[in-house]
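Just below is one structure, and these are the notes that go with it.
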Amino acid sequence: MDFFTFLLEHPVARYALLTFTGIFAGFLNSVAGGGSLLTLPVLIFLGLPGATIANGTNRLAIMLQNIVGVVGFRRKGVSDFGYGILITLPAMLGAVFGTLLVIKLGKIDKSGVIFNRVLAGIMIGVLILTLFNPLKQFQLQIQNLSRTRKVTGGLIFFILGIYMGFIQAGAGFMIIATLTIVNGVDLVRTNALKMLVVLFCTLVALAIFIRNGHIDWGLGIALGFGNAVGAWVGSQWAVEKGDKRIRVVLVCAVLAFAAQLVWKSFLTS
């Protein structure tokens, strides 16, 4: 019996793999971003349908992770609930549409070919953003946001909500781009707002996935526990050298998972 067969056939091994993956992903989201680029492909690798059950199960982990993150920021005195609501409400509305869309895709794309190819493309695109980080040059710090910026931001967050409802992976980078470039928010406040928006959009998406029976509770709790632990550790440690090393691992892992998803989609097409 090879290692991959062992993982697929032994529940304890599956839970252990997801817990360790969750810890790494939660820490990664705290210091670099892109944790779902690892957790979602791992869930698909373990045999869960990508667009539906893997997608829904991943939201449970994201919810637990962001609860820890939001509480952590509030304890450090970094929060902006008033403005957070202004951008969260349109994002939540968009998340409803995005979640219903991906569930419909899952019914049409039963083999997962389309979803796996879309995910692979998104993984590569977000990886490029992670490596080159074009947001560094847009670290604006404007205290009073104009009405035009608020309206524009609200429209963009509705579109981002559709994306977060559909797949979530890499949404953090898009939120950071919107808040820093369009709304001119500093990066500390941006991270706090990002976790608030993702938390509420995840709650909306998760409710829809639960209603349609697209959650593996055992695997989701194992992954969520790991994500929460990783997020807590990452919020306590600011390690620049560790961030660089994590980015190297992220590159290798994302490329490997993306190649596997594309290869699997061609085998099943």
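In the structure tokens, each chain is lettered A, B, ... as it comes, each chain's residues begin at 1, and ligands are numbered from 1 in order of appearance.
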
Per residue of stretch 201-239 of chain A within 10 Å of stretch 99-115 of chain A, record the nearest atom pair and its distance in Å to one decimal, counting only C-alpha atoms, with rows in chain order and ascending residue number, as JSON lines.
{"residue": "A:Cys201", "atom": "CA", "partner": "A:Thr99", "partner_atom": "CA", "distance": 10.0}
{"residue": "A:Thr202", "atom": "CA", "partner": "A:Thr99", "partner_atom": "CA", "distance": 9.9}
{"residue": "A:Val204", "atom": "CA", "partner": "A:Thr99", "partner_atom": "CA", "distance": 8.6}
{"residue": "A:Ala205", "atom": "CA", "partner": "A:Thr99", "partner_atom": "CA", "distance": 5.8}
{"residue": "A:Leu206", "atom": "CA", "partner": "A:Thr99", "partner_atom": "CA", "distance": 8.8}
{"residue": "A:Ala207", "atom": "CA", "partner": "A:Thr99", "partner_atom": "CA", "distance": 9.9}
{"residue": "A:Ile208", "atom": "CA", "partner": "A:Thr99", "partner_atom": "CA", "distance": 7.2}
{"residue": "A:Phe209", "atom": "CA", "partner": "A:Thr99", "partner_atom": "CA", "distance": 7.8}
{"residue": "A:Asn212", "atom": "CA", "partner": "A:Ile103", "partner_atom": "CA", "distance": 8.5}
{"residue": "A:His214", "atom": "CA", "partner": "A:Ile103", "partner_atom": "CA", "distance": 8.9}

Residues of stretch 168-229 of chain A that have any atom at most 8 Å from an atom of stretch 8-18 of chain A: could you tabulate them with the shortest-distance atom pair and the distance in Å to one decimal, using only C-alpha atoms, ordered by chain and increasing number, as JSON lines?
{"residue": "A:Gly218", "atom": "CA", "partner": "A:Tyr15", "partner_atom": "CA", "distance": 7.9}
{"residue": "A:Leu219", "atom": "CA", "partner": "A:Tyr15", "partner_atom": "CA", "distance": 6.1}
{"residue": "A:Ala222", "atom": "CA", "partner": "A:Tyr15", "partner_atom": "CA", "distance": 5.8}
{"residue": "A:Leu223", "atom": "CA", "partner": "A:Leu18", "partner_atom": "CA", "distance": 4.9}
{"residue": "A:Gly226", "atom": "CA", "partner": "A:Leu18", "partner_atom": "CA", "distance": 7.4}

May I have the residues from that selection written out with N, CA and C atoms, as an mmCIF file, in the first residue's frame?
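And here is the file that came out, part-v4.cif:
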data_model
loop_
_atom_site.group_PDB
_atom_site.id
_atom_site.type_symbol
_atom_site.label_atom_id
_atom_site.label_comp_id
_atom_site.auth_asym_id
_atom_site.auth_seq_id
_atom_site.Cartn_x
_atom_site.Cartn_y
_atom_site.Cartn_z
ATOM 1 N N GLY A 218 -16.701 16.276 9.795
ATOM 2 C CA GLY A 218 -15.500 15.744 10.443
ATOM 3 C C GLY A 218 -14.229 16.346 9.883
ATOM 4 N N LEU A 219 -14.092 16.317 8.557
ATOM 5 C CA LEU A 219 -12.912 16.876 7.910
ATOM 6 C C LEU A 219 -12.868 18.395 8.081
ATOM 7 N N ALA A 222 -11.620 19.249 11.600
ATOM 8 C CA ALA A 222 -10.180 18.985 11.693
ATOM 9 C C ALA A 222 -9.386 20.086 11.004
ATOM 10 N N LEU A 223 -9.810 20.456 9.807
ATOM 11 C CA LEU A 223 -9.136 21.515 9.059
ATOM 12 C C LEU A 223 -9.300 22.858 9.773
ATOM 13 N N GLY A 226 -7.014 23.233 12.752
ATOM 14 C CA GLY A 226 -5.665 23.562 12.303
ATOM 15 C C GLY A 226 -5.556 25.013 11.859
#

Atomic distance atom CA of A:Gly230 - atom CA of A:Leu193, expressed in Å with one decimal: 19.3 Å

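Take the candidates A:Phe225, A:Trp232, A:Tyr83, A:Phe45 and check each one against A:Gly153 using only C-alpha atoms; the shortest distance goes to A:Tyr83.
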
Length of the atom CA of A:Gly121 to atom CA of A:Pro41 vector [Å]: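 Computing it gives 12.5 Å between the two atoms.
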
Minimum-distance residue to A:Phe173, chosen among A:Gly125, A:Gly94, A:Pro49, A:Gly220 (using only C-alpha atoms):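 Using only C-alpha atoms, A:Phe173 sits closest to A:Gly125.
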